[in-house]
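What follows is the content of protein.cif, which has mmCIF, C-alpha atoms:
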data_entry
loop_
_atom_site.label_atom_id
_atom_site.label_comp_id
_atom_site.auth_asym_id
_atom_site.auth_seq_id
_atom_site.Cartn_x
_atom_site.Cartn_y
_atom_site.Cartn_z
CA MET O 1 -91.01 -62.30 -19.51
CA MET O 2 -94.63 -62.80 -20.53
CA GLU O 3 -97.13 -60.62 -18.74
CA THR O 4 -100.69 -59.33 -18.75
CA ALA O 5 -101.53 -55.72 -19.54
CA THR O 6 -100.85 -53.41 -16.58
CA ALA O 7 -100.11 -49.75 -16.01
CA ASP O 8 -96.46 -50.69 -15.33
CA ASN O 9 -96.00 -52.10 -18.86
CA GLY O 10 -98.06 -49.46 -20.70
CA TRP O 11 -101.14 -51.71 -20.87
CA VAL O 12 -99.44 -54.19 -23.22
CA ASN O 13 -100.29 -57.89 -23.00
CA THR O 14 -97.38 -60.13 -24.04
CA ILE O 15 -99.01 -63.44 -23.07
CA ASP O 16 -101.52 -63.71 -25.94
CA GLY O 17 -99.20 -62.69 -28.80
CA LYS O 18 -99.03 -66.25 -30.19
CA ASN O 19 -102.70 -67.11 -29.60
CA ILE O 20 -104.17 -68.46 -32.86
CA GLU O 21 -107.39 -66.45 -32.39
CA VAL O 22 -105.40 -63.23 -31.90
CA ILE O 23 -103.28 -63.92 -34.99
CA SER O 24 -106.42 -64.76 -36.99
CA LYS O 25 -108.01 -61.47 -35.91
CA ALA O 26 -104.86 -59.60 -36.97
CA HIS O 27 -105.00 -61.28 -40.40
CA SER O 28 -108.66 -60.27 -40.73
CA ILE O 29 -107.91 -56.64 -39.92
CA ILE O 30 -105.15 -56.35 -42.53
CA ALA O 31 -107.22 -58.24 -45.14
CA ASP O 32 -110.48 -56.33 -44.56
CA ASN O 33 -109.07 -52.80 -44.81
CA ILE O 34 -107.49 -51.19 -47.88
CA TYR O 35 -106.23 -47.97 -46.26
CA CYS O 36 -103.74 -47.49 -43.49
CA SER O 37 -102.55 -44.45 -41.58
CA LEU O 38 -98.87 -44.00 -42.37
CA SER O 39 -97.09 -42.00 -39.67
CA THR O 40 -93.70 -40.44 -40.30
CA CYS O 41 -91.60 -37.82 -38.59
CA SER O 42 -89.28 -35.17 -39.97
CA VAL O 43 -85.67 -34.98 -38.82
CA ASP O 44 -86.77 -31.89 -36.84
CA GLY O 45 -89.32 -33.99 -34.93
CA PHE O 46 -92.51 -32.88 -36.68
CA PRO O 47 -95.00 -35.76 -37.07
CA TRP O 48 -97.04 -36.37 -40.22
CA VAL O 49 -99.85 -38.86 -40.87
CA SER O 50 -101.09 -39.85 -44.32
CA PRO O 51 -103.87 -42.22 -45.33
CA VAL O 52 -102.56 -44.54 -48.07
CA PHE O 53 -104.03 -47.40 -50.08
CA PHE O 54 -101.93 -50.47 -49.28
CA ALA O 55 -101.25 -54.08 -50.13
CA TYR O 56 -99.40 -56.65 -48.04
CA ASP O 57 -97.59 -59.95 -48.42
CA ASP O 58 -97.41 -63.16 -46.37
CA SER O 59 -94.54 -61.74 -44.31
CA TRP O 60 -96.70 -58.79 -43.15
CA ASN O 61 -94.73 -56.32 -45.30
CA ILE O 62 -96.90 -53.40 -46.43
CA TYR O 63 -96.66 -51.72 -49.85
CA TRP O 64 -98.00 -48.44 -51.26
CA SER O 65 -97.20 -45.91 -53.95
CA SER O 66 -96.65 -42.24 -53.30
CA ALA O 67 -95.17 -39.15 -54.84
CA ILE O 68 -91.45 -38.80 -54.19
CA THR O 69 -91.89 -35.20 -53.03
CA SER O 70 -94.82 -35.86 -50.66
CA LYS O 71 -94.12 -35.00 -47.04
CA HIS O 72 -94.28 -38.62 -45.85
CA SER O 73 -91.93 -39.82 -48.61
CA GLN O 74 -89.44 -37.07 -47.80
CA ASN O 75 -89.66 -37.98 -44.10
CA ILE O 76 -88.87 -41.61 -44.99
CA TYR O 77 -85.82 -40.55 -47.04
CA HIS O 78 -84.49 -38.21 -44.33
CA ASN O 79 -85.35 -40.12 -41.15
CA ASP O 80 -83.77 -43.52 -41.79
CA GLY O 81 -87.14 -44.89 -42.95
CA ARG O 82 -88.64 -44.95 -39.45
CA VAL O 83 -92.40 -45.35 -39.78
CA ALA O 84 -95.46 -46.31 -37.74
CA ILE O 85 -98.63 -47.65 -39.34
CA ALA O 86 -102.14 -48.13 -37.97
CA ILE O 87 -104.79 -50.18 -39.75
CA TYR O 88 -108.36 -50.02 -38.46
CA ASN O 89 -111.98 -49.77 -39.55
CA SER O 90 -113.24 -46.32 -38.55
CA SER O 91 -116.90 -47.32 -39.01
CA PHE O 92 -116.90 -49.57 -35.93
CA PRO O 93 -119.08 -48.30 -33.05
CA GLU O 94 -117.41 -46.25 -30.35
CA GLY O 95 -115.83 -48.43 -27.68
CA SER O 96 -115.33 -51.45 -29.95
CA PRO O 97 -112.15 -50.69 -31.87
CA GLU O 98 -110.10 -53.27 -33.70
CA GLY O 99 -106.74 -52.16 -34.94
CA LEU O 100 -103.24 -53.20 -35.87
CA TYR O 101 -100.26 -51.06 -34.92
CA PHE O 102 -96.83 -51.39 -36.45
CA GLN O 103 -93.39 -49.87 -35.99
CA GLY O 104 -90.71 -50.52 -38.55
CA ILE O 105 -88.68 -49.36 -41.51
CA ALA O 106 -89.88 -48.20 -44.93
CA CYS O 107 -87.93 -47.74 -48.14
CA GLU O 108 -88.34 -47.05 -51.83
CA LEU O 109 -88.20 -50.18 -53.96
CA ASP O 110 -85.77 -50.68 -56.81
CA GLN O 111 -86.88 -51.98 -60.22
CA ASN O 112 -86.79 -55.70 -59.37
CA GLN O 113 -88.52 -55.21 -56.04
CA ALA O 114 -91.16 -52.91 -57.58
CA GLU O 115 -91.93 -55.50 -60.26
CA LYS O 116 -92.52 -58.11 -57.52
CA ALA O 117 -94.63 -55.77 -55.34
CA PHE O 118 -96.76 -54.20 -58.07
CA PRO O 119 -99.01 -57.27 -58.58
CA LEU O 120 -99.91 -57.13 -54.87
CA LEU O 121 -101.15 -53.55 -55.31
CA ALA O 122 -102.91 -54.35 -58.60
CA ASN O 123 -104.67 -57.39 -57.13
CA ARG O 124 -105.80 -55.45 -54.07
CA ALA O 125 -107.22 -52.51 -56.04
CA ARG O 126 -110.98 -52.53 -56.43
CA LYS O 127 -110.74 -51.14 -59.95
CA PRO O 128 -108.23 -52.06 -62.65
CA LEU O 129 -104.91 -50.26 -62.44
CA LEU O 130 -103.96 -48.84 -65.79
CA LYS O 131 -100.27 -48.78 -64.90
CA THR O 132 -97.37 -51.19 -64.67
CA ALA O 133 -94.43 -51.36 -62.27
CA ALA O 134 -92.37 -49.46 -64.86
CA ASP O 135 -94.69 -46.47 -64.38
CA TYR O 136 -93.15 -46.02 -60.90
CA LEU O 137 -89.51 -45.93 -61.97
CA ASP O 138 -86.98 -43.61 -63.63
CA ASP O 139 -88.48 -40.16 -64.27
CA SER O 140 -91.84 -40.98 -62.70
CA PRO O 141 -92.89 -38.62 -59.88
CA ARG O 142 -94.16 -41.64 -57.89
CA ARG O 143 -92.47 -44.68 -56.38
CA ILE O 144 -93.53 -47.93 -54.73
CA TYR O 145 -92.53 -48.25 -51.07
CA GLN O 146 -92.21 -51.19 -48.72
CA PHE O 147 -92.65 -51.20 -44.97
CA GLN O 148 -91.07 -54.01 -42.94
CA PRO O 149 -92.57 -54.30 -39.46
CA GLN O 150 -90.22 -54.63 -36.53
CA GLN O 151 -92.93 -54.62 -33.87
CA THR O 152 -96.67 -55.30 -34.10
CA TRP O 153 -99.59 -54.92 -31.73
CA ILE O 154 -103.32 -55.58 -31.98
CA THR O 155 -106.09 -53.99 -29.95
CA GLY O 156 -106.63 -55.96 -26.76
CA SER O 157 -109.52 -56.05 -24.36
CA ARG O 158 -110.61 -52.97 -22.44
CA LEU O 159 -110.00 -53.09 -18.70
CA LEU O 160 -112.02 -51.32 -16.03
CA VAL O 161 -109.61 -49.49 -13.72
CA ASN O 162 -110.87 -47.01 -11.10
CA ASN O 163 -114.18 -46.72 -12.95
CA GLN O 164 -112.37 -45.90 -16.23
CA LEU O 165 -112.02 -48.10 -19.31
CA ILE O 166 -108.40 -48.56 -20.34
CA ASP O 167 -107.49 -49.68 -23.87
CA THR O 168 -104.87 -52.43 -24.04
CA LYS O 169 -102.68 -53.81 -26.80
CA ILE O 170 -101.42 -57.33 -27.43
CA HIS O 171 -97.83 -57.52 -28.67
CA ILE O 172 -97.63 -59.99 -31.58
CA ASN O 173 -94.41 -61.83 -32.39
CA LEU O 174 -94.47 -61.93 -36.21
CA SER O 175 -91.28 -63.96 -36.49
CA SER O 176 -93.14 -67.00 -35.21
CA ASN O 177 -96.22 -66.56 -37.44
#
In structure tokens, write the structure found in this file.
Amino acid sequence: MMETATADNGWVNTIDGKNIEVISKAHSIIADNIYCSLSTCSVDGFPWVSPVFFAYDDSWNIYWSSAITSKHSQNIYHNDGRVAIAIYNSSFPEGSPEGLYFQGIACELDQNQAEKAFPLLANRARKPLLKTAADYLDDSPRRIYQFQPQQTWITGSRLLVNNQLIDTKIHINLSSN
């Protein structure tokens, strides 16, 4: 059932998720920002957030490289890859946020997958990468990871409720975009 953002649904708008202007804004946010906040959780329930340089593909998959032994990589290995990601520009004025929010699954890429993903990272970097996909395999301490979104939201309009501004989200259906 499609509905507007209300307290009963956690302030999530499901009506505008296919709106071309909303989808265009989401594309702008992912294209205009090169860092995301990668949120993982340990099997014991301890959260961890890491800023990571990222690239993305046409299917909204997100890629980054990290050390195998980093806390967020270990959380991915030991928590079935469950991840949340936020992408936003922190220089926007207070009260005018624009952000993308994702829930999904992350995993380490094998050799073939890493070779396909590496050009995305290299093309997105603002300075030349002096590495190749092979530098993230075998005995390397780093790997390339992929995140596949299962759910996506974008910042919605703010609503005035009882003299308080409430932030809303718009749920985006990526399978139709």
Item to complete: Identify all residues satisfying the PyMOL selection byres ((chain O and resi 161-168) around 8) in the given file; provide them as a list in words.
Response: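 Selection result, ordered by chain and number: Ala5, Trp11, Val12, Asn13, Thr155, Gly156, Ser157, Arg158, Leu159, Leu160, Lys169 and Ile170 of chain O.
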Discussion item. Env of O:Lys131: 12 Å cut, atoms = all atoms listed in the file, seq-sep filter 2 positions within chain, self excluded. Answer as a list in words.
Written reply: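 Here the qualifying residues turn out to be Ser65, Glu115, Phe118, Pro119, Leu121, Ala122, Ala125, Lys127, Pro128, Leu129, Ala133, Ala134, Asp135, Tyr136, Leu137, Ser140 and Arg142 of chain O.
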Just C-alpha atoms for this one: save the residues we selected as an mmCIF file, in the coordinates of the input.
data_model
loop_
_atom_site.group_PDB
_atom_site.id
_atom_site.type_symbol
_atom_site.label_atom_id
_atom_site.label_comp_id
_atom_site.auth_asym_id
_atom_site.auth_seq_id
_atom_site.Cartn_x
_atom_site.Cartn_y
_atom_site.Cartn_z
ATOM 1 C CA SER O 65 -97.200 -45.910 -53.950
ATOM 2 C CA GLU O 115 -91.930 -55.500 -60.260
ATOM 3 C CA PHE O 118 -96.760 -54.200 -58.070
ATOM 4 C CA PRO O 119 -99.010 -57.270 -58.580
ATOM 5 C CA LEU O 121 -101.150 -53.550 -55.310
ATOM 6 C CA ALA O 122 -102.910 -54.350 -58.600
ATOM 7 C CA ALA O 125 -107.220 -52.510 -56.040
ATOM 8 C CA LYS O 127 -110.740 -51.140 -59.950
ATOM 9 C CA PRO O 128 -108.230 -52.060 -62.650
ATOM 10 C CA LEU O 129 -104.910 -50.260 -62.440
ATOM 11 C CA ALA O 133 -94.430 -51.360 -62.270
ATOM 12 C CA ALA O 134 -92.370 -49.460 -64.860
ATOM 13 C CA ASP O 135 -94.690 -46.470 -64.380
ATOM 14 C CA TYR O 136 -93.150 -46.020 -60.900
ATOM 15 C CA LEU O 137 -89.510 -45.930 -61.970
ATOM 16 C CA SER O 140 -91.840 -40.980 -62.700
ATOM 17 C CA ARG O 142 -94.160 -41.640 -57.890
#
Worksheet item: What is the distance, in Å and to one decimal place, between atom CA of O:Gln113 and atom CA of O:Ile23?
Response: 27.1 Å
Worksheet item: Could you spell out the hits of the PyMOL selection byres ((chain O and resi 109) around 6) on the shown file, as JSON, numbers by chain?
Response: {"O": [108, 110, 113, 114, 144, 145]}
Write to file, as a short mmCIF file (atom, residue, chain, number, x, y, z; two decimals), in the coordinates of the input, the residues of the selection just made, with C-alpha atoms.
data_model
loop_
_atom_site.label_atom_id
_atom_site.label_comp_id
_atom_site.auth_asym_id
_atom_site.auth_seq_id
_atom_site.Cartn_x
_atom_site.Cartn_y
_atom_site.Cartn_z
CA GLU O 108 -88.34 -47.05 -51.83
CA ASP O 110 -85.77 -50.68 -56.81
CA GLN O 113 -88.52 -55.21 -56.04
CA ALA O 114 -91.16 -52.91 -57.58
CA ILE O 144 -93.53 -47.93 -54.73
CA TYR O 145 -92.53 -48.25 -51.07
#
Practice prompt. Identify, on the basis of only C-alpha atoms, every residue whose closest approach to stretch 14-17 of chain O does not exceed 6 Å; exclude the query and any residue fewer than 6 positions from it along the same chain; express the result as number ranges by chain.
Written response: O: 2-3, 170-172
Practice prompt. Name the residues that the PyMOL selection byres ((chain O and resi 68-71) around 7) picks from the file above, as a ChimeraX atom specification, using the file's chain letters and numbers.
Written response: /O:66-67,72-75,141-143
Just write the chosen residues, C-alpha atoms, as a compact mmCIF listing (two decimals), in the coordinates of the input.
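Dumped to part_26.txt:
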# COMPACT_ATOMS: atom_id res chain seq x y z
CA SER O 66 -96.65 -42.24 -53.30
CA ALA O 67 -95.17 -39.15 -54.84
CA HIS O 72 -94.28 -38.62 -45.85
CA SER O 73 -91.93 -39.82 -48.61
CA GLN O 74 -89.44 -37.07 -47.80
CA ASN O 75 -89.66 -37.98 -44.10
CA PRO O 141 -92.89 -38.62 -59.88
CA ARG O 142 -94.16 -41.64 -57.89
CA ARG O 143 -92.47 -44.68 -56.38
Centre, x/y/z edge lengths, axis-aligned box for stretch 3-20 of chain O with 3 Å per side, as AutoDock Vina command-line options:
--center_x -100.1 --center_y -59.0 --center_z -24.1 --size_x 14.2 --size_y 25.0 --size_z 23.5
Item to complete: Please indicate the distance in Å from atom CA of O:Gly10 to atom CA of O:Gly104, rounded to one decimal place.
Response: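 These atoms are spaced 19.3 Å apart.
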Taking the structure I provided as the source, export stretch 67-83 of chain O with all heavy atoms, as a PDB file, in the first residue's frame.
ATOM      1  N   ALA O  67      41.139  -2.865   4.283  1.00  0.00           N
ATOM      2  CA  ALA O  67      41.984  -3.907   4.856  1.00  0.00           C
ATOM      3  C   ALA O  67      41.103  -5.067   5.341  1.00  0.00           C
ATOM      4  O   ALA O  67      40.023  -4.844   5.905  1.00  0.00           O
ATOM      5  CB  ALA O  67      42.796  -3.346   6.018  1.00  0.00           C
ATOM      6  N   ILE O  68      41.571  -6.263   5.130  1.00  0.00           N
ATOM      7  CA  ILE O  68      40.848  -7.459   5.553  1.00  0.00           C
ATOM      8  C   ILE O  68      40.615  -7.454   7.060  1.00  0.00           C
ATOM      9  O   ILE O  68      39.563  -7.864   7.538  1.00  0.00           O
ATOM     10  CB  ILE O  68      41.625  -8.731   5.149  1.00  0.00           C
ATOM     11  CG1 ILE O  68      41.761  -8.814   3.645  1.00  0.00           C
ATOM     12  CG2 ILE O  68      40.970  -9.989   5.703  1.00  0.00           C
ATOM     13  CD1 ILE O  68      42.772  -9.840   3.172  1.00  0.00           C
ATOM     14  N   THR O  69      41.609  -6.981   7.815  1.00  0.00           N
ATOM     15  CA  THR O  69      41.517  -7.037   9.275  1.00  0.00           C
ATOM     16  C   THR O  69      40.843  -5.816   9.897  1.00  0.00           C
ATOM     17  O   THR O  69      40.716  -5.756  11.118  1.00  0.00           O
ATOM     18  CB  THR O  69      42.915  -7.207   9.896  1.00  0.00           C
ATOM     19  OG1 THR O  69      43.738  -6.108   9.493  1.00  0.00           O
ATOM     20  CG2 THR O  69      43.544  -8.529   9.471  1.00  0.00           C
ATOM     21  N   SER O  70      40.404  -4.851   9.083  1.00  0.00           N
ATOM     22  CA  SER O  70      39.715  -3.689   9.663  1.00  0.00           C
ATOM     23  C   SER O  70      38.421  -4.156  10.339  1.00  0.00           C
ATOM     24  O   SER O  70      37.843  -5.187   9.980  1.00  0.00           O
ATOM     25  CB  SER O  70      39.426  -2.644   8.594  1.00  0.00           C
ATOM     26  OG  SER O  70      38.490  -3.143   7.673  1.00  0.00           O
ATOM     27  N   LYS O  71      37.983  -3.382  11.299  1.00  0.00           N
ATOM     28  CA  LYS O  71      36.787  -3.758  12.067  1.00  0.00           C
ATOM     29  C   LYS O  71      35.570  -3.936  11.161  1.00  0.00           C
ATOM     30  O   LYS O  71      34.819  -4.914  11.291  1.00  0.00           O
ATOM     31  CB  LYS O  71      36.504  -2.718  13.148  1.00  0.00           C
ATOM     32  CG  LYS O  71      35.406  -3.127  14.103  1.00  0.00           C
ATOM     33  CD  LYS O  71      35.210  -2.115  15.210  1.00  0.00           C
ATOM     34  CE  LYS O  71      36.319  -2.166  16.201  1.00  0.00           C
ATOM     35  NZ  LYS O  71      36.010  -2.834  17.446  1.00  0.00           N
ATOM     36  N   HIS O  72      35.358  -3.013  10.215  1.00  0.00           N
ATOM     37  CA  HIS O  72      34.172  -3.148   9.358  1.00  0.00           C
ATOM     38  C   HIS O  72      34.273  -4.363   8.438  1.00  0.00           C
ATOM     39  O   HIS O  72      33.266  -5.033   8.203  1.00  0.00           O
ATOM     40  CB  HIS O  72      33.887  -1.860   8.569  1.00  0.00           C
ATOM     41  CG  HIS O  72      34.988  -1.393   7.689  1.00  0.00           C
ATOM     42  ND1 HIS O  72      35.979  -0.563   8.139  1.00  0.00           N
ATOM     43  CD2 HIS O  72      35.250  -1.630   6.388  1.00  0.00           C
ATOM     44  CE1 HIS O  72      36.805  -0.292   7.140  1.00  0.00           C
ATOM     45  NE2 HIS O  72      36.382  -0.935   6.066  1.00  0.00           N
ATOM     46  N   SER O  73      35.468  -4.687   7.943  1.00  0.00           N
ATOM     47  CA  SER O  73      35.614  -5.889   7.115  1.00  0.00           C
ATOM     48  C   SER O  73      35.342  -7.144   7.938  1.00  0.00           C
ATOM     49  O   SER O  73      34.632  -8.050   7.484  1.00  0.00           O
ATOM     50  CB  SER O  73      37.022  -5.959   6.517  1.00  0.00           C
ATOM     51  OG  SER O  73      37.245  -4.877   5.637  1.00  0.00           O
ATOM     52  N   GLN O  74      35.875  -7.206   9.132  1.00  0.00           N
ATOM     53  CA  GLN O  74      35.629  -8.354  10.004  1.00  0.00           C
ATOM     54  C   GLN O  74      34.146  -8.489  10.334  1.00  0.00           C
ATOM     55  O   GLN O  74      33.603  -9.600  10.373  1.00  0.00           O
ATOM     56  CB  GLN O  74      36.478  -8.257  11.276  1.00  0.00           C
ATOM     57  CG  GLN O  74      37.956  -8.504  11.023  1.00  0.00           C
ATOM     58  CD  GLN O  74      38.198  -9.911  10.487  1.00  0.00           C
ATOM     59  OE1 GLN O  74      37.834 -10.900  11.099  1.00  0.00           O
ATOM     60  NE2 GLN O  74      38.813  -9.982   9.296  1.00  0.00           N
ATOM     61  N   ASN O  75      33.473  -7.352  10.569  1.00  0.00           N
ATOM     62  CA  ASN O  75      32.032  -7.403  10.830  1.00  0.00           C
ATOM     63  C   ASN O  75      31.279  -7.964   9.627  1.00  0.00           C
ATOM     64  O   ASN O  75      30.333  -8.738   9.780  1.00  0.00           O
ATOM     65  CB  ASN O  75      31.498  -6.016  11.191  1.00  0.00           C
ATOM     66  CG  ASN O  75      31.898  -5.578  12.581  1.00  0.00           C
ATOM     67  OD1 ASN O  75      32.358  -6.369  13.400  1.00  0.00           O
ATOM     68  ND2 ASN O  75      31.736  -4.297  12.855  1.00  0.00           N
ATOM     69  N   ILE O  76      31.700  -7.592   8.420  1.00  0.00           N
ATOM     70  CA  ILE O  76      31.059  -8.112   7.210  1.00  0.00           C
ATOM     71  C   ILE O  76      31.237  -9.624   7.130  1.00  0.00           C
ATOM     72  O   ILE O  76      30.282 -10.367   6.879  1.00  0.00           O
ATOM     73  CB  ILE O  76      31.623  -7.413   5.952  1.00  0.00           C
ATOM     74  CG1 ILE O  76      31.128  -5.971   5.898  1.00  0.00           C
ATOM     75  CG2 ILE O  76      31.245  -8.171   4.674  1.00  0.00           C
ATOM     76  CD1 ILE O  76      31.841  -5.094   4.879  1.00  0.00           C
ATOM     77  N   TYR O  77      32.455 -10.103   7.389  1.00  0.00           N
ATOM     78  CA  TYR O  77      32.725 -11.545   7.321  1.00  0.00           C
ATOM     79  C   TYR O  77      31.925 -12.335   8.365  1.00  0.00           C
ATOM     80  O   TYR O  77      31.523 -13.463   8.105  1.00  0.00           O
ATOM     81  CB  TYR O  77      34.211 -11.828   7.546  1.00  0.00           C
ATOM     82  CG  TYR O  77      35.130 -11.296   6.474  1.00  0.00           C
ATOM     83  CD1 TYR O  77      36.235 -10.543   6.814  1.00  0.00           C
ATOM     84  CD2 TYR O  77      34.915 -11.557   5.127  1.00  0.00           C
ATOM     85  CE1 TYR O  77      37.109 -10.049   5.843  1.00  0.00           C
ATOM     86  CE2 TYR O  77      35.764 -11.069   4.148  1.00  0.00           C
ATOM     87  CZ  TYR O  77      36.857 -10.324   4.512  1.00  0.00           C
ATOM     88  OH  TYR O  77      37.705  -9.844   3.552  1.00  0.00           O
ATOM     89  N   HIS O  78      31.726 -11.750   9.537  1.00  0.00           N
ATOM     90  CA  HIS O  78      31.135 -12.500  10.656  1.00  0.00           C
ATOM     91  C   HIS O  78      29.670 -12.179  10.926  1.00  0.00           C
ATOM     92  O   HIS O  78      29.098 -12.701  11.882  1.00  0.00           O
ATOM     93  CB  HIS O  78      31.963 -12.273  11.923  1.00  0.00           C
ATOM     94  CG  HIS O  78      33.380 -12.745  11.782  1.00  0.00           C
ATOM     95  ND1 HIS O  78      33.715 -14.063  11.617  1.00  0.00           N
ATOM     96  CD2 HIS O  78      34.543 -12.054  11.740  1.00  0.00           C
ATOM     97  CE1 HIS O  78      35.028 -14.175  11.497  1.00  0.00           C
ATOM     98  NE2 HIS O  78      35.556 -12.980  11.554  1.00  0.00           N
ATOM     99  N   ASN O  79      29.064 -11.311  10.111  1.00  0.00           N
ATOM    100  CA  ASN O  79      27.671 -10.945  10.349  1.00  0.00           C
ATOM    101  C   ASN O  79      26.851 -11.069   9.063  1.00  0.00           C
ATOM    102  O   ASN O  79      25.994 -10.232   8.784  1.00  0.00           O
ATOM    103  CB  ASN O  79      27.593  -9.523  10.926  1.00  0.00           C
ATOM    104  CG  ASN O  79      26.302  -9.270  11.661  1.00  0.00           C
ATOM    105  OD1 ASN O  79      25.564 -10.195  11.979  1.00  0.00           O
ATOM    106  ND2 ASN O  79      26.024  -8.018  11.920  1.00  0.00           N
ATOM    107  N   ASP O  80      27.153 -12.101   8.292  1.00  0.00           N
ATOM    108  CA  ASP O  80      26.420 -12.403   7.060  1.00  0.00           C
ATOM    109  C   ASP O  80      26.383 -11.224   6.084  1.00  0.00           C
ATOM    110  O   ASP O  80      25.445 -11.101   5.295  1.00  0.00           O
ATOM    111  CB  ASP O  80      24.989 -12.859   7.364  1.00  0.00           C
ATOM    112  CG  ASP O  80      24.958 -14.134   8.180  1.00  0.00           C
ATOM    113  OD1 ASP O  80      25.787 -15.030   7.915  1.00  0.00           O
ATOM    114  OD2 ASP O  80      24.110 -14.236   9.093  1.00  0.00           O
ATOM    115  N   GLY O  81      27.378 -10.331   6.157  1.00  0.00           N
ATOM    116  CA  GLY O  81      27.483  -9.224   5.224  1.00  0.00           C
ATOM    117  C   GLY O  81      26.478  -8.107   5.403  1.00  0.00           C
ATOM    118  O   GLY O  81      26.386  -7.214   4.566  1.00  0.00           O
ATOM    119  N   ARG O  82      25.715  -8.129   6.494  1.00  0.00           N
ATOM    120  CA  ARG O  82      24.686  -7.105   6.696  1.00  0.00           C
ATOM    121  C   ARG O  82      25.333  -5.746   6.925  1.00  0.00           C
ATOM    122  O   ARG O  82      26.176  -5.584   7.807  1.00  0.00           O
ATOM    123  CB  ARG O  82      23.774  -7.478   7.854  1.00  0.00           C
ATOM    124  CG  ARG O  82      22.914  -8.686   7.515  1.00  0.00           C
ATOM    125  CD  ARG O  82      22.030  -9.048   8.658  1.00  0.00           C
ATOM    126  NE  ARG O  82      22.884  -9.464   9.782  1.00  0.00           N
ATOM    127  CZ  ARG O  82      22.600 -10.440  10.606  1.00  0.00           C
ATOM    128  NH1 ARG O  82      21.491 -11.094  10.482  1.00  0.00           N
ATOM    129  NH2 ARG O  82      23.421 -10.757  11.573  1.00  0.00           N
ATOM    130  N   VAL O  83      24.910  -4.769   6.104  1.00  0.00           N
ATOM    131  CA  VAL O  83      25.522  -3.447   6.090  1.00  0.00           C
ATOM    132  C   VAL O  83      24.448  -2.386   5.867  1.00  0.00           C
ATOM    133  O   VAL O  83      23.448  -2.640   5.201  1.00  0.00           O
ATOM    134  CB  VAL O  83      26.569  -3.374   4.945  1.00  0.00           C
ATOM    135  CG1 VAL O  83      27.038  -1.971   4.687  1.00  0.00           C
ATOM    136  CG2 VAL O  83      27.756  -4.273   5.238  1.00  0.00           C
TER     137      VAL O  83
END
